$ cat run-v2.pdb   # PDB, C-alpha atoms
ATOM      1  CA  GLU A1108       9.126 -41.952   9.754
ATOM      2  CA  ASP A1109       7.773 -40.872   6.392
ATOM      3  CA  ASN A1110       9.492 -37.596   5.600
ATOM      4  CA  GLY A1111       9.449 -38.054   1.829
ATOM      5  CA  GLU A1112       7.002 -35.220   1.129
ATOM      6  CA  LEU A1113       8.037 -32.917   3.926
ATOM      7  CA  LEU A1114      10.713 -30.302   3.621
ATOM      8  CA  LYS A1115      11.391 -28.639   6.942
ATOM      9  CA  SER A1116      11.509 -24.842   6.988
ATOM     10  CA  ASP A1117      15.278 -24.453   6.873
ATOM     11  CA  TRP A1118      17.362 -22.049   4.820
ATOM     12  CA  LYS A1119      17.792 -24.552   1.953
ATOM     13  CA  VAL A1120      14.122 -24.407   0.901
ATOM     14  CA  LEU A1121      13.656 -22.626  -2.446
ATOM     15  CA  PHE A1122      10.460 -21.216  -3.929
ATOM     16  CA  HIS A1123       9.642 -20.130  -7.457
ATOM     17  CA  PHE A1124       6.842 -17.994  -8.881
ATOM     18  CA  ARG A1125       4.199 -19.111 -11.362
ATOM     19  CA  PRO A1126       4.705 -17.309 -14.715
ATOM     20  CA  PHE A1127       1.899 -15.139 -16.087
ATOM     21  CA  SER A1128       2.063 -16.931 -19.427
ATOM     22  CA  LYS A1129       4.023 -19.686 -21.163
ATOM     23  CA  LEU A1130       4.355 -17.499 -24.267
ATOM     24  CA  PRO A1131       7.581 -15.392 -24.319
ATOM     25  CA  GLU A1132       5.847 -12.626 -26.305
ATOM     26  CA  VAL A1133       3.133 -12.244 -23.655
ATOM     27  CA  GLN A1134       5.740 -12.303 -20.877
ATOM     28  CA  MET A1135       7.686  -9.525 -22.612
ATOM     29  CA  LEU A1136       4.542  -7.404 -23.014
ATOM     30  CA  ILE A1137       3.727  -7.864 -19.306
ATOM     31  CA  PHE A1138       7.333  -6.949 -18.419
ATOM     32  CA  VAL A1139       7.137  -3.673 -20.385
ATOM     33  CA  LEU A1140       3.749  -2.747 -18.861
ATOM     34  CA  PHE A1141       4.888  -3.548 -15.303
ATOM     35  CA  LEU A1142       8.172  -1.689 -15.771
ATOM     36  CA  MET A1143       6.336   1.406 -17.049
ATOM     37  CA  MET A1144       3.886   1.302 -14.127
ATOM     38  CA  TYR A1145       6.707   0.859 -11.616
ATOM     39  CA  LEU A1146       8.733   3.770 -13.004
ATOM     40  CA  ILE A1147       5.647   6.020 -13.165
ATOM     41  CA  SER A1148       4.700   5.156  -9.564
ATOM     42  CA  ILE A1149       8.232   5.834  -8.300
ATOM     43  CA  GLY A1150       8.459   9.086 -10.283
ATOM     44  CA  GLY A1151       4.980  10.260  -9.256
ATOM     45  CA  ASN A1152       5.353   9.517  -5.552
ATOM     46  CA  MET A1153       8.884  10.927  -5.470
ATOM     47  CA  SER A1154       7.586  14.129  -7.086
ATOM     48  CA  ILE A1155       4.938  14.469  -4.359
ATOM     49  CA  VAL A1156       7.503  13.959  -1.566
ATOM     50  CA  LEU A1157       9.980  16.472  -3.058
ATOM     51  CA  THR A1158       7.266  19.046  -3.853
ATOM     52  CA  ILE A1159       5.942  18.953  -0.283
ATOM     53  CA  TRP A1160       9.468  19.105   1.127
ATOM     54  CA  ILE A1161      10.515  22.089  -1.073
ATOM     55  CA  ASN A1162       7.346  24.200  -0.665
ATOM     56  CA  ARG A1163       7.022  25.674   2.809
ATOM     57  CA  CYS A1164       3.354  26.524   2.162
ATOM     58  CA  LEU A1165       2.677  22.758   2.077
ATOM     59  CA  HIS A1166       4.245  22.163   5.502
ATOM     60  CA  THR A1167       0.897  21.353   7.102
ATOM     61  CA  PRO A1168      -0.372  18.146   8.775
ATOM     62  CA  MET A1169      -2.408  17.116   5.698
ATOM     63  CA  TYR A1170       0.604  17.283   3.372
ATOM     64  CA  PHE A1171       2.895  15.786   6.009
ATOM     65  CA  PHE A1172       0.722  12.668   6.036
ATOM     66  CA  LEU A1173       0.490  12.711   2.227
ATOM     67  CA  ALA A1174       4.298  12.816   1.961
ATOM     68  CA  ASN A1175       4.481   9.863   4.368
ATOM     69  CA  LEU A1176       1.912   7.960   2.283
ATOM     70  CA  ALA A1177       3.868   8.648  -0.922
ATOM     71  CA  SER A1178       7.100   7.471   0.765
ATOM     72  CA  LEU A1179       5.396   4.252   1.871
ATOM     73  CA  GLU A1180       4.154   3.692  -1.703
ATOM     74  CA  ILE A1181       7.727   4.011  -3.035
ATOM     75  CA  PHE A1182       9.076   1.348  -0.653
ATOM     76  CA  TYR A1183       5.932  -0.785  -1.027
ATOM     77  CA  SER A1184       6.295  -0.874  -4.831
ATOM     78  CA  SER A1185      10.032  -1.573  -4.553
ATOM     79  CA  THR A1186       9.356  -4.573  -2.306
ATOM     80  CA  ILE A1187       7.443  -6.333  -5.098
ATOM     81  CA  ALA A1188       8.366  -4.881  -8.503
ATOM     82  CA  PRO A1189      12.139  -5.575  -8.916
ATOM     83  CA  LEU A1190      11.883  -9.313  -8.142
ATOM     84  CA  THR A1191       8.694  -9.625 -10.228
ATOM     85  CA  LEU A1192      10.333  -7.904 -13.210
ATOM     86  CA  ALA A1193      13.436 -10.098 -12.911
ATOM     87  CA  SER A1194      11.233 -13.206 -12.722
ATOM     88  CA  ILE A1195       9.231 -12.208 -15.823
ATOM     89  CA  LEU A1196      12.343 -11.342 -17.851
ATOM     90  CA  SER A1197      14.268 -14.480 -16.926
ATOM     91  CA  THR A1198      14.089 -17.322 -19.456
ATOM     92  CA  GLU A1199      14.756 -19.814 -16.654
ATOM     93  CA  ARG A1200      12.756 -20.287 -13.486
ATOM     94  CA  THR A1201      13.641 -17.596 -10.913
ATOM     95  CA  VAL A1202      14.063 -19.116  -7.472
ATOM     96  CA  VAL A1203      13.866 -17.317  -4.142
ATOM     97  CA  SER A1204      15.211 -18.641  -0.857
ATOM     98  CA  LEU A1205      13.184 -19.117   2.304
ATOM     99  CA  ALA A1206      14.895 -16.067   3.828
ATOM    100  CA  GLY A1207      14.279 -13.997   0.689
ATOM    101  CA  CYS A1208      10.623 -14.997   0.559
ATOM    102  CA  GLY A1209      10.221 -14.263   4.265
ATOM    103  CA  ALA A1210      11.859 -10.834   3.883
ATOM    104  CA  GLN A1211       9.594  -9.914   0.959
ATOM    105  CA  MET A1212       6.483 -11.070   2.845
ATOM    106  CA  PHE A1213       7.516  -9.126   5.961
ATOM    107  CA  PHE A1214       8.059  -5.834   4.115
ATOM    108  CA  PHE A1215       4.896  -6.329   2.050
ATOM    109  CA  ILE A1216       2.758  -6.799   5.192
ATOM    110  CA  PHE A1217       4.637  -4.096   7.132
ATOM    111  CA  LEU A1218       4.368  -1.381   4.470
ATOM    112  CA  GLY A1219       0.876  -2.399   3.321
ATOM    113  CA  SER A1220      -0.447  -2.358   6.914
ATOM    114  CA  ALA A1221       1.194   0.991   7.684
ATOM    115  CA  ASP A1222      -0.322   2.360   4.445
ATOM    116  CA  CYS A1223      -3.865   1.341   5.454
ATOM    117  CA  ILE A1224      -3.491   2.658   9.014
ATOM    118  CA  LEU A1225      -2.081   5.950   7.712
ATOM    119  CA  LEU A1226      -5.155   6.390   5.499
ATOM    120  CA  ALA A1227      -7.277   6.233   8.677
ATOM    121  CA  VAL A1228      -4.996   8.841  10.292
ATOM    122  CA  MET A1229      -5.483  11.078   7.240
ATOM    123  CA  ALA A1230      -9.269  10.727   7.609
ATOM    124  CA  TYR A1231      -8.967  11.858  11.245
ATOM    125  CA  ASP A1232      -6.929  14.872  10.094
ATOM    126  CA  ARG A1233      -9.675  15.848   7.611
ATOM    127  CA  PHE A1234     -12.316  15.304  10.312
ATOM    128  CA  VAL A1235     -10.570  17.734  12.680
ATOM    129  CA  ALA A1236      -9.924  20.269   9.872
ATOM    130  CA  ILE A1237     -13.562  20.375   8.720
ATOM    131  CA  CYS A1238     -15.504  19.673  11.941
ATOM    132  CA  HIS A1239     -13.249  21.620  14.343
ATOM    133  CA  PRO A1240     -11.492  24.259  12.164
ATOM    134  CA  LEU A1241     -10.884  26.736  15.008
ATOM    135  CA  ARG A1242      -9.092  24.113  17.107
ATOM    136  CA  TYR A1243      -7.315  22.402  14.198
ATOM    137  CA  THR A1244      -3.810  23.776  14.820
ATOM    138  CA  LEU A1245      -4.162  23.117  18.544
ATOM    139  CA  ILE A1246      -5.324  19.488  18.105
ATOM    140  CA  MET A1247      -3.144  18.527  15.120
ATOM    141  CA  SER A1248       0.167  19.644  16.615
ATOM    142  CA  TRP A1249       3.397  18.515  14.957
ATOM    143  CA  HIS A1250       4.106  16.374  18.007
ATOM    144  CA  LEU A1251       0.822  14.476  17.498
ATOM    145  CA  CYS A1252       1.373  14.201  13.721
ATOM    146  CA  VAL A1253       4.793  12.593  14.210
ATOM    147  CA  GLN A1254       3.355  10.250  16.867
ATOM    148  CA  LEU A1255       0.522   9.156  14.536
ATOM    149  CA  ALA A1256       2.904   8.560  11.608
ATOM    150  CA  LEU A1257       5.347   6.582  13.765
ATOM    151  CA  GLY A1258       2.447   4.715  15.382
ATOM    152  CA  SER A1259       1.281   3.553  11.931
ATOM    153  CA  LEU A1260       4.768   2.214  11.190
ATOM    154  CA  LEU A1261       5.137   0.578  14.606
ATOM    155  CA  LEU A1262       1.781  -1.216  14.439
ATOM    156  CA  GLY A1263       2.509  -2.364  10.869
ATOM    157  CA  PHE A1264       5.952  -3.619  11.968
ATOM    158  CA  ILE A1265       4.567  -5.606  14.940
ATOM    159  CA  LEU A1266       1.778  -7.234  12.902
ATOM    160  CA  ALA A1267       4.143  -8.081  10.018
ATOM    161  CA  MET A1268       6.775  -9.583  12.304
ATOM    162  CA  GLN A1269       4.289 -11.793  14.170
ATOM    163  CA  LEU A1270       2.554 -13.055  11.019
ATOM    164  CA  THR A1271       5.750 -13.660   9.012
ATOM    165  CA  VAL A1272       7.453 -15.586  11.843
ATOM    166  CA  LEU A1273       4.300 -17.681  12.342
ATOM    167  CA  ILE A1274       4.014 -18.552   8.605
ATOM    168  CA  PHE A1275       7.674 -19.520   8.185
ATOM    169  CA  GLN A1276       7.627 -21.916  11.104
ATOM    170  CA  LEU A1277       5.509 -24.225   8.913
ATOM    171  CA  PRO A1278       6.989 -27.248   7.092
ATOM    172  CA  PHE A1279       6.606 -27.015   3.305
ATOM    173  CA  CYS A1280       5.650 -29.718   0.787
ATOM    174  CA  SER A1281       7.656 -30.879  -2.204
ATOM    175  CA  SER A1282       5.730 -28.503  -4.506
ATOM    176  CA  LYS A1283       7.158 -25.010  -3.949
ATOM    177  CA  GLU A1284       5.589 -23.097  -6.835
ATOM    178  CA  ILE A1285       3.929 -19.956  -5.446
ATOM    179  CA  SER A1286       0.699 -19.316  -7.375
ATOM    180  CA  LEU A1287       1.457 -15.587  -7.534
ATOM    181  CA  PHE A1288       4.264 -13.261  -8.651
ATOM    182  CA  TYR A1289       5.471 -12.497  -5.099
ATOM    183  CA  CYS A1290       5.497 -14.076  -1.616
ATOM    184  CA  ASP A1291       2.021 -13.303  -0.322
ATOM    185  CA  VAL A1292       0.618 -14.955   2.811
ATOM    186  CA  LEU A1293      -2.162 -17.159   1.394
ATOM    187  CA  PRO A1294      -0.229 -18.658  -1.589
ATOM    188  CA  VAL A1295       2.767 -19.472   0.664
ATOM    189  CA  MET A1296       0.505 -20.899   3.385
ATOM    190  CA  ARG A1297      -1.063 -23.222   0.791
ATOM    191  CA  LEU A1298       2.333 -24.883   0.275
ATOM    192  CA  ALA A1299       2.497 -26.011   3.907
ATOM    193  CA  CYS A1300       2.271 -29.680   4.819
ATOM    194  CA  ALA A1301       0.647 -29.017   8.179
ATOM    195  CA  ASP A1302      -2.592 -27.796   9.677
ATOM    196  CA  THR A1303      -2.894 -24.033   9.041
ATOM    197  CA  HIS A1304      -6.106 -23.212  10.924
ATOM    198  CA  VAL A1305      -4.237 -21.188  13.564
ATOM    199  CA  HIS A1306      -2.318 -19.324  10.855
ATOM    200  CA  GLU A1307      -5.513 -18.596   8.896
ATOM    201  CA  ALA A1308      -7.190 -17.295  12.069
ATOM    202  CA  THR A1309      -4.161 -15.091  12.792
ATOM    203  CA  LEU A1310      -4.252 -13.720   9.236
ATOM    204  CA  PHE A1311      -7.951 -12.919   9.645
ATOM    205  CA  VAL A1312      -7.304 -11.080  12.941
ATOM    206  CA  VAL A1313      -4.470  -9.068  11.335
ATOM    207  CA  SER A1314      -6.744  -8.273   8.363
ATOM    208  CA  VAL A1315      -9.477  -7.023  10.713
ATOM    209  CA  ILE A1316      -6.961  -4.789  12.538
ATOM    210  CA  VAL A1317      -5.484  -3.444   9.297
ATOM    211  CA  LEU A1318      -8.562  -3.266   7.058
ATOM    212  CA  THR A1319     -11.886  -3.476   8.941
ATOM    213  CA  ILE A1320     -11.189  -1.281  11.977
ATOM    214  CA  PRO A1321      -9.472   1.561  10.041
ATOM    215  CA  PHE A1322     -12.212   1.454   7.380
ATOM    216  CA  LEU A1323     -14.930   1.745  10.041
ATOM    217  CA  LEU A1324     -13.073   4.707  11.598
ATOM    218  CA  ILE A1325     -12.744   6.326   8.153
ATOM    219  CA  THR A1326     -16.472   5.784   7.483
ATOM    220  CA  LEU A1327     -17.363   7.305  10.866
ATOM    221  CA  SER A1328     -15.085  10.290  10.166
ATOM    222  CA  TYR A1329     -16.756  10.891   6.802
ATOM    223  CA  VAL A1330     -20.244  10.716   8.324
ATOM    224  CA  PHE A1331     -19.283  13.687  10.545
ATOM    225  CA  ILE A1332     -17.410  15.377   7.668
ATOM    226  CA  VAL A1333     -20.371  15.190   5.255
ATOM    227  CA  ASN A1334     -22.714  16.423   7.985
ATOM    228  CA  ALA A1335     -20.413  19.400   8.649
ATOM    229  CA  ILE A1336     -20.005  20.193   4.923
ATOM    230  CA  LEU A1337     -23.769  20.234   4.337
ATOM    231  CA  LYS A1338     -24.057  22.915   7.033
ATOM    232  CA  ILE A1339     -21.665  25.230   5.132
ATOM    233  CA  ARG A1340     -23.781  27.945   3.548
ATOM    234  CA  SER A1341     -21.614  29.001   0.595
ATOM    235  CA  ALA A1342     -21.364  26.716  -2.434
ATOM    236  CA  GLU A1343     -17.682  27.620  -2.808
ATOM    237  CA  GLY A1344     -16.991  26.582   0.787
ATOM    238  CA  ARG A1345     -18.744  23.249   0.302
ATOM    239  CA  HIS A1346     -16.844  22.611  -2.944
ATOM    240  CA  LYS A1347     -13.485  23.370  -1.310
ATOM    241  CA  ALA A1348     -14.243  21.065   1.621
ATOM    242  CA  PHE A1349     -15.375  18.231  -0.657
ATOM    243  CA  SER A1350     -12.324  18.630  -2.939
ATOM    244  CA  THR A1351      -9.898  18.181  -0.011
ATOM    245  CA  CYS A1352     -11.609  14.887   0.908
ATOM    246  CA  SER A1353     -12.536  13.390  -2.479
ATOM    247  CA  SER A1354      -8.986  12.365  -3.432
ATOM    248  CA  HIS A1355      -8.451  10.669  -0.062
ATOM    249  CA  LEU A1356     -11.798   8.877  -0.339
ATOM    250  CA  MET A1357     -10.968   7.552  -3.839
ATOM    251  CA  VAL A1358      -7.636   6.138  -2.618
ATOM    252  CA  VAL A1359      -9.350   4.582   0.436
ATOM    253  CA  LEU A1360     -11.964   2.792  -1.695
ATOM    254  CA  LEU A1361      -9.280   1.487  -4.068
ATOM    255  CA  GLN A1362      -6.908   0.314  -1.322
ATOM    256  CA  TYR A1363      -9.427  -1.195   1.096
ATOM    257  CA  GLY A1364     -11.571  -2.657  -1.695
ATOM    258  CA  CYS A1365      -8.688  -4.677  -3.138
ATOM    259  CA  GLY A1366      -7.372  -5.740   0.264
ATOM    260  CA  SER A1367     -10.802  -6.913   1.432
ATOM    261  CA  LEU A1368     -11.314  -9.068  -1.689
ATOM    262  CA  ILE A1369      -8.248 -11.114  -0.757
ATOM    263  CA  TYR A1370      -7.773 -11.040   3.013
ATOM    264  CA  LEU A1371     -11.302 -10.763   4.440
ATOM    265  CA  CYS A1372     -12.779 -13.588   2.345
ATOM    266  CA  PRO A1373     -12.609 -17.161   3.737
ATOM    267  CA  SER A1374      -9.264 -18.746   2.813
ATOM    268  CA  SER A1375     -11.137 -21.800   1.487
ATOM    269  CA  SER A1376     -12.665 -19.599  -1.237
ATOM    270  CA  TYR A1377      -9.277 -18.167  -2.261
ATOM    271  CA  SER A1378      -8.756 -18.360  -6.028
ATOM    272  CA  PRO A1379      -5.187 -18.034  -7.410
ATOM    273  CA  GLU A1380      -6.563 -16.523 -10.633
ATOM    274  CA  ARG A1381      -8.576 -13.868  -8.772
ATOM    275  CA  GLY A1382      -5.646 -13.321  -6.416
ATOM    276  CA  GLN A1383      -3.362 -12.710  -9.397
ATOM    277  CA  VAL A1384      -5.643 -10.033 -10.885
ATOM    278  CA  VAL A1385      -6.390  -8.235  -7.599
ATOM    279  CA  SER A1386      -2.700  -8.362  -6.601
ATOM    280  CA  VAL A1387      -1.691  -6.675  -9.860
ATOM    281  CA  VAL A1388      -4.164  -3.889  -9.036
ATOM    282  CA  TYR A1389      -2.865  -3.124  -5.533
ATOM    283  CA  THR A1390       0.847  -3.764  -6.158
ATOM    284  CA  PHE A1391       1.272  -2.066  -9.548
ATOM    285  CA  ILE A1392      -1.834  -0.064 -10.552
ATOM    286  CA  THR A1393      -2.737   1.542  -7.180
ATOM    287  CA  PRO A1394       0.766   3.038  -6.599
ATOM    288  CA  VAL A1395       0.448   4.636 -10.078
ATOM    289  CA  LEU A1396      -3.057   5.981  -9.484
ATOM    290  CA  ASN A1397      -2.459   7.398  -5.988
ATOM    291  CA  PRO A1398      -0.107  10.259  -7.019
ATOM    292  CA  LEU A1399      -2.306  10.974 -10.070
ATOM    293  CA  ILE A1400      -5.468  11.148  -7.937
ATOM    294  CA  TYR A1401      -3.878  13.442  -5.348
ATOM    295  CA  SER A1402      -2.157  15.727  -7.864
ATOM    296  CA  MET A1403      -5.205  16.054 -10.149
ATOM    297  CA  ARG A1404      -7.793  16.530  -7.375
ATOM    298  CA  ASN A1405      -5.762  18.882  -5.157
ATOM    299  CA  ARG A1406      -5.288  22.418  -6.509
ATOM    300  CA  GLU A1407      -2.610  23.435  -3.989
ATOM    301  CA  LEU A1408      -0.486  20.395  -4.754
ATOM    302  CA  LYS A1409      -1.059  20.753  -8.498
ATOM    303  CA  ASP A1410       0.086  24.417  -8.428
ATOM    304  CA  ALA A1411       3.116  23.516  -6.294
ATOM    305  CA  LEU A1412       4.077  20.695  -8.698
ATOM    306  CA  ARG A1413       3.786  23.105 -11.630
ATOM    307  CA  LYS A1414       6.078  25.632  -9.899
ATOM    308  CA  VAL A1415       8.662  22.921  -9.145
ATOM    309  CA  VAL A1416       8.653  21.772 -12.795
ATOM    310  CA  ILE A1417       9.006  25.379 -14.068
ATOM    311  CA  ARG A1418      11.842  26.032 -11.589
ATOM    312  CA  PHE A1419      13.596  22.832 -12.706
ATOM    313  CA  LEU A1420      13.249  23.751 -16.401
ATOM    314  CA  LEU A1421      14.658  27.242 -15.764
ATOM    315  CA  LEU A1422      17.642  25.745 -13.958
ATOM    316  CA  GLU A1423      18.213  23.359 -16.871
ATOM    317  CA  LYS A1424      18.292  26.283 -19.344
ATOM    318  CA  GLN A1425      20.880  28.089 -17.225
TER     319      GLN A1425
END
$ encode --input "run-v2.pdb" --output "structure tokens"
Amino acid sequence: EDNGELLKSDWKVLFHFRPFSKLPEVQMLIFVLFLMMYLISIGGNMSIVLTIWINRCLHTPMYFFLANLASLEIFYSSTIAPLTLASILSTERTVVSLAGCGAQMFFFIFLGSADCILLAVMAYDRFVAICHPLRYTLIMSWHLCVQLALGSLLLGFILAMQLTVLIFQLPFCSSKEISLFYCDVLPVMRLACADTHVHEATLFVVSVIVLTIPFLLITLSYVFIVNAILKIRSAEGRHKAFSTCSSHLMVVLLQYGCGSLIYLCPSSSYSPERGQVVSVVYTFITPVLNPLIYSMRNRELKDALRKVVIRFLLLEKQ
């Protein structure tokens, strides 16, 4: 039997990430930029969670879902950033075990899927608030809100578990350099020394469930929302309704746009270079932009954040 180029998927298999550049100066610059983005994203999303938790006036379904989204972003960023930063800073090649790579892939898919599904839940919340305002508190009960949030996590968990287990049952070739800065599905699948058609089909089905279906539901929600807003007679009322939706819509376009470029395109057309750029956007840049978009576009949240900062500064002076 010719097993020279096959390495079975046991716990001794080690992977390493492709560096961004061979120049140490460029690597250091990338490290500083990524570290700044990671710290800003953690700080920004943590501020949103704490502000919503402290202010009782923000204890509404919309802000409950926003706090959940911000919490997911914190864990999502922390799944990728620490290992990436350590890999960039290291002068030697940073290796990751099969178990470590599998764990990172699982949490990346789990949190990323839950994030996308939660954005669809948030669109439904806005749909009920604007199209059925008189029945909003009756429909969006706290019991339903908790069920929707937990449902997003449960569906993300199930999809991530199935896909990760399926991928890591593959045998891997002698080349174990992942053409990315973390363990994503397509780059890891490309290292397999076996037929991956079933795995690619499974990835496509998961991508449709996580990206296509929620995006279609969001689009449908916004068709009804826009129709309802246009019927509002006062300009102030229309502006207020649009402002509550615009921040969510911007985040949706950013999140689903990046995800679709990677996971809904045929795997044969996958480009490591394009994957690298798009992955930087949705693993480092998007978690930074999300809290900025929500805090800048939402007056209630902006005022609450300002009050929290003022309260903190007054406590510091005392």
$ residues_around --input "run-v2.pdb" --residues "segment 1178-1186 of chain A" --least-positions-apart "2" --cutoff "10 Å" --atoms "all atoms listed in the file" --output "PDB file with C-alpha atoms, keeping the file's coordinate frame"
ATOM      1  CA  MET A1144       3.886   1.302 -14.127  1.00  0.00           C
ATOM      2  CA  TYR A1145       6.707   0.859 -11.616  1.00  0.00           C
ATOM      3  CA  LEU A1146       8.733   3.770 -13.004  1.00  0.00           C
ATOM      4  CA  SER A1148       4.700   5.156  -9.564  1.00  0.00           C
ATOM      5  CA  ILE A1149       8.232   5.834  -8.300  1.00  0.00           C
ATOM      6  CA  GLY A1150       8.459   9.086 -10.283  1.00  0.00           C
ATOM      7  CA  GLY A1151       4.980  10.260  -9.256  1.00  0.00           C
ATOM      8  CA  ASN A1152       5.353   9.517  -5.552  1.00  0.00           C
ATOM      9  CA  MET A1153       8.884  10.927  -5.470  1.00  0.00           C
ATOM     10  CA  ILE A1155       4.938  14.469  -4.359  1.00  0.00           C
ATOM     11  CA  VAL A1156       7.503  13.959  -1.566  1.00  0.00           C
ATOM     12  CA  PHE A1172       0.722  12.668   6.036  1.00  0.00           C
ATOM     13  CA  LEU A1173       0.490  12.711   2.227  1.00  0.00           C
ATOM     14  CA  ALA A1174       4.298  12.816   1.961  1.00  0.00           C
ATOM     15  CA  ASN A1175       4.481   9.863   4.368  1.00  0.00           C
ATOM     16  CA  LEU A1176       1.912   7.960   2.283  1.00  0.00           C
ATOM     17  CA  ALA A1188       8.366  -4.881  -8.503  1.00  0.00           C
ATOM     18  CA  PRO A1189      12.139  -5.575  -8.916  1.00  0.00           C
ATOM     19  CA  LEU A1190      11.883  -9.313  -8.142  1.00  0.00           C
ATOM     20  CA  THR A1191       8.694  -9.625 -10.228  1.00  0.00           C
ATOM     21  CA  ALA A1210      11.859 -10.834   3.883  1.00  0.00           C
ATOM     22  CA  GLN A1211       9.594  -9.914   0.959  1.00  0.00           C
ATOM     23  CA  MET A1212       6.483 -11.070   2.845  1.00  0.00           C
ATOM     24  CA  PHE A1213       7.516  -9.126   5.961  1.00  0.00           C
ATOM     25  CA  PHE A1214       8.059  -5.834   4.115  1.00  0.00           C
ATOM     26  CA  PHE A1215       4.896  -6.329   2.050  1.00  0.00           C
ATOM     27  CA  ILE A1216       2.758  -6.799   5.192  1.00  0.00           C
ATOM     28  CA  PHE A1217       4.637  -4.096   7.132  1.00  0.00           C
ATOM     29  CA  LEU A1218       4.368  -1.381   4.470  1.00  0.00           C
ATOM     30  CA  GLY A1219       0.876  -2.399   3.321  1.00  0.00           C
ATOM     31  CA  ALA A1221       1.194   0.991   7.684  1.00  0.00           C
ATOM     32  CA  ASP A1222      -0.322   2.360   4.445  1.00  0.00           C
ATOM     33  CA  LEU A1225      -2.081   5.950   7.712  1.00  0.00           C
ATOM     34  CA  LEU A1260       4.768   2.214  11.190  1.00  0.00           C
ATOM     35  CA  TYR A1289       5.471 -12.497  -5.099  1.00  0.00           C
ATOM     36  CA  TYR A1389      -2.865  -3.124  -5.533  1.00  0.00           C
ATOM     37  CA  THR A1390       0.847  -3.764  -6.158  1.00  0.00           C
ATOM     38  CA  PHE A1391       1.272  -2.066  -9.548  1.00  0.00           C
ATOM     39  CA  ILE A1392      -1.834  -0.064 -10.552  1.00  0.00           C
ATOM     40  CA  THR A1393      -2.737   1.542  -7.180  1.00  0.00           C
ATOM     41  CA  PRO A1394       0.766   3.038  -6.599  1.00  0.00           C
ATOM     42  CA  VAL A1395       0.448   4.636 -10.078  1.00  0.00           C
ATOM     43  CA  ASN A1397      -2.459   7.398  -5.988  1.00  0.00           C
ATOM     44  CA  PRO A1398      -0.107  10.259  -7.019  1.00  0.00           C
TER      45      PRO A1398
END
$ atom_distance --input "run-v2.pdb" --atom1 "atom CA of Ala1348 of chain A" --atom2 "atom CA of Tyr1401 of chain A"
14.6 Å
$ atom_distance --input "run-v2.pdb" --atom1 "atom CA of Cys1208 of chain A" --atom2 "atom CA of Phe1122 of chain A"
7.7 Å
$ resolve_selection --input "run-v2.pdb" --expression "the PyMOL selection byres ((chain A and resi 1328) around 12)" --output "mmCIF file with C-alpha atoms, in the frame of the given file"
data_model
loop_
_atom_site.group_PDB
_atom_site.id
_atom_site.type_symbol
_atom_site.label_atom_id
_atom_site.label_comp_id
_atom_site.auth_asym_id
_atom_site.auth_seq_id
_atom_site.Cartn_x
_atom_site.Cartn_y
_atom_site.Cartn_z
ATOM 1 C CA LEU A 1226 -5.155 6.390 5.499
ATOM 2 C CA ALA A 1227 -7.277 6.233 8.677
ATOM 3 C CA VAL A 1228 -4.996 8.841 10.292
ATOM 4 C CA MET A 1229 -5.483 11.078 7.240
ATOM 5 C CA ALA A 1230 -9.269 10.727 7.609
ATOM 6 C CA TYR A 1231 -8.967 11.858 11.245
ATOM 7 C CA ASP A 1232 -6.929 14.872 10.094
ATOM 8 C CA ARG A 1233 -9.675 15.848 7.611
ATOM 9 C CA PHE A 1234 -12.316 15.304 10.312
ATOM 10 C CA VAL A 1235 -10.570 17.734 12.680
ATOM 11 C CA ALA A 1236 -9.924 20.269 9.872
ATOM 12 C CA ILE A 1237 -13.562 20.375 8.720
ATOM 13 C CA CYS A 1238 -15.504 19.673 11.941
ATOM 14 C CA PRO A 1321 -9.472 1.561 10.041
ATOM 15 C CA PHE A 1322 -12.212 1.454 7.380
ATOM 16 C CA LEU A 1323 -14.930 1.745 10.041
ATOM 17 C CA LEU A 1324 -13.073 4.707 11.598
ATOM 18 C CA ILE A 1325 -12.744 6.326 8.153
ATOM 19 C CA THR A 1326 -16.472 5.784 7.483
ATOM 20 C CA LEU A 1327 -17.363 7.305 10.866
ATOM 21 C CA TYR A 1329 -16.756 10.891 6.802
ATOM 22 C CA VAL A 1330 -20.244 10.716 8.324
ATOM 23 C CA PHE A 1331 -19.283 13.687 10.545
ATOM 24 C CA ILE A 1332 -17.410 15.377 7.668
ATOM 25 C CA VAL A 1333 -20.371 15.190 5.255
ATOM 26 C CA ASN A 1334 -22.714 16.423 7.985
ATOM 27 C CA ALA A 1335 -20.413 19.400 8.649
ATOM 28 C CA CYS A 1352 -11.609 14.887 0.908
ATOM 29 C CA LEU A 1356 -11.798 8.877 -0.339
#
$ atom_distance --input "run-v2.pdb" --atom1 "atom CA of Phe1141 of chain A" --atom2 "atom CA of Ile1195 of chain A"
9.7 Å
$ closest_atom_pairs --input "run-v2.pdb" --of "segment 1319-1382 of chain A" --to "segment 1291-1311 of chain A" --cutoff "10 Å" --atoms "only C-alpha atoms" --output "JSON lines"
{"residue": "A:Ile1369", "atom": "CA", "partner": "A:Leu1293", "partner_atom": "CA", "distance": 8.8}
{"residue": "A:Tyr1370", "atom": "CA", "partner": "A:Phe1311", "partner_atom": "CA", "distance": 6.9}
{"residue": "A:Leu1371", "atom": "CA", "partner": "A:Phe1311", "partner_atom": "CA", "distance": 6.6}
{"residue": "A:Cys1372", "atom": "CA", "partner": "A:Phe1311", "partner_atom": "CA", "distance": 8.8}
{"residue": "A:Pro1373", "atom": "CA", "partner": "A:Phe1311", "partner_atom": "CA", "distance": 8.6}
{"residue": "A:Ser1374", "atom": "CA", "partner": "A:Glu1307", "partner_atom": "CA", "distance": 7.1}
{"residue": "A:Ser1375", "atom": "CA", "partner": "A:Glu1307", "partner_atom": "CA", "distance": 9.8}
{"residue": "A:Tyr1377", "atom": "CA", "partner": "A:Leu1293", "partner_atom": "CA", "distance": 8.1}
{"residue": "A:Ser1378", "atom": "CA", "partner": "A:Pro1294", "partner_atom": "CA", "distance": 9.6}
{"residue": "A:Pro1379", "atom": "CA", "partner": "A:Pro1294", "partner_atom": "CA", "distance": 7.7}
{"residue": "A:Gly1382", "atom": "CA", "partner": "A:Pro1294", "partner_atom": "CA", "distance": 9.0}
